[in-house]
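Peer 1: Structure below; questions to follow.
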Amino acid sequence: MVDSGDAARAEESGTIALPIDDFPGFLRLMARGLTRRCPWCGDRKAYFTGWFARVDRCRRCRHPYRRGDEAFELGATTANIILTFLSILIAILVAVILTLPDIPTVPVVVIVGAIAVAGPAVWYPISFTLWQAVDLFMRRPDAEEMAGRRDGTL
Ligand SMILES: [Zn+2]
């Protein structure tokens, strides 16, 4: 865990990541990602200063979302597409189940269209934190990265 004294020192140092002693398991990683928290430390600020305003490092633990890869945003975009498509699928299923046997096609299409347009914006920050969680699970950080001694940025 990260204590507040460490967080203050990391804030002062700017780019030095805090050591993470207690690496979360799969469920905690996913829960943090889906709730827009930093997968590393669980802080709500994570990588966002606003819904769309992103910074390169967690504002608490200073771990960068980029971990030596060049295409993190591609994974986040894929997560965004999956979340949006799941939203559309759930909306269609709920509409069909609630209105069987006379499904109101036009309202369902309008609602699904609205979800398709708004979904990527709604899911934007969560797609980043969720993809970070997936990335951390698939590519476990080594001791150097856990200790904050290796900068993952390019
Ligand atoms: Zn963090």
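Lettering and numbering for the structure tokens are positional, with chains as A, B, ... in the shown order, residues counted from 1 in each chain, and ligands counted from 1 in the shown order.
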Write out as a list in words each polymer residue (protein, DNA or RNA) that has an atom no more than 10 Å from ligand 1, with only C-alpha atoms and all ligand atoms counted.

Peer 2: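 What falls inside 10 Å of ligand 1 is Val2, Ala7, Ala17, Leu18, Ile20, Arg37, Cys38, Pro39, Trp40, Cys41, Gly42, Asp43, Arg44, Lys45, Ala46, Tyr47, Arg57, Cys58, Arg59, Arg60, Cys61, Arg62, His63, Pro64 and Tyr65 of chain A.
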
Peer 1: Based on the selection just made, write C-alpha atoms of those residues as a short mmCIF file (atom, residue, chain, number, x, y, z; two decimals), in the first residue's frame.

Peer 2:
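Written output follows (selection_32.cif):
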data_model
loop_
_atom_site.label_atom_id
_atom_site.label_comp_id
_atom_site.auth_asym_id
_atom_site.auth_seq_id
_atom_site.Cartn_x
_atom_site.Cartn_y
_atom_site.Cartn_z
CA VAL A 2 0.94 3.61 -0.47
CA ALA A 7 2.22 10.11 -1.99
CA ALA A 17 6.73 6.47 -9.05
CA LEU A 18 5.98 5.18 -5.58
CA ILE A 20 3.85 -0.72 -4.73
CA ARG A 37 -9.44 4.13 -10.36
CA CYS A 38 -5.73 3.71 -10.78
CA PRO A 39 -5.11 -0.05 -11.08
CA TRP A 40 -1.75 0.39 -9.35
CA CYS A 41 -2.84 2.17 -6.16
CA GLY A 42 -6.65 2.32 -6.35
CA ASP A 43 -6.80 6.09 -6.16
CA ARG A 44 -9.84 7.79 -7.71
CA LYS A 45 -7.79 10.52 -9.40
CA ALA A 46 -5.87 8.02 -11.51
CA TYR A 47 -4.86 9.48 -14.89
CA ARG A 57 0.94 9.41 -14.66
CA CYS A 58 -1.35 8.55 -11.80
CA ARG A 59 -1.73 11.70 -9.77
CA ARG A 60 -1.15 9.77 -6.54
CA CYS A 61 1.34 6.95 -7.08
CA ARG A 62 2.97 8.51 -10.20
CA HIS A 63 3.08 5.22 -12.11
CA PRO A 64 2.69 5.96 -15.81
CA TYR A 65 -0.11 4.28 -17.76
#

Peer 1: According to DSSP computed on the backbone, where in range 18-69 of chain A is there alpha helix (DSSP H)? Give the residues as a list in words.

Peer 2: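 Result set for range 18-69 of chain A (alpha helix (DSSP H)): Phe26, Leu27, Arg28, Leu29, Met30, Ala31, Arg32, Gly33 and Leu34 of chain A.
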
Peer 1: Write out as a ChimeraX atom specification the residues lying within 10 Å of Ile111 in chain A, counting only C-alpha atoms and excluding same-chain residues fewer than 6 positions away.

Peer 2: /A:88,91-92,95,105,117

Peer 1: Could those residues be written to a file, using C-alpha atoms, as a compact mmCIF listing (two decimals), in the first residue's frame?

Peer 2:
# COMPACT_ATOMS: atom_id res chain seq x y z
CA ILE A 88 -25.68 -1.72 -27.11
CA ALA A 91 -29.91 -2.28 -24.36
CA ILE A 92 -31.22 -4.43 -27.21
CA ALA A 95 -35.74 -3.76 -24.90
CA THR A 105 -38.34 -1.12 -33.61
CA VAL A 117 -22.86 7.89 -30.35

Peer 1: Would you mind listing what lies within 6 Å of range 120-130 of chain A as a ChimeraX atom specification, with only C-alpha atoms counted and same-chain residues fewer than 6 positions away left out?

Peer 2: /A:33-34,36,76,79-80

Peer 1: Given only C-alpha atoms as the basis, pick out the residue of A:Arg139, A:Ile103, A:Met146, A:Trp131 nearest to Thr78 in chain A.

Peer 2: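 Residue with the minimum atom-to-atom distance to Thr78 in chain A: A:Trp131.
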
Peer 1: Chain A: which residues are strand (DSSP E or B) by DSSP, as a list of chain:residue names?

Peer 2: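 Those residues are A:Phe48, A:Arg54, A:Arg57, A:Pro64.
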
Peer 1: Check the smallest atom-to-atom distance from each of A:Leu89, A:Leu136, A:Val94, A:Ile81 to Arg67 in chain A using only C-alpha atoms, then report the winner.

Peer 2: A:Leu136

Peer 1: Nearest residue to Glu145 in chain A out of A:Phe48, A:Arg66, A:Met30, A:Val108, using only C-alpha atoms?

Peer 2: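 With only C-alpha atoms as the atom set, the closest residue is A:Arg66.
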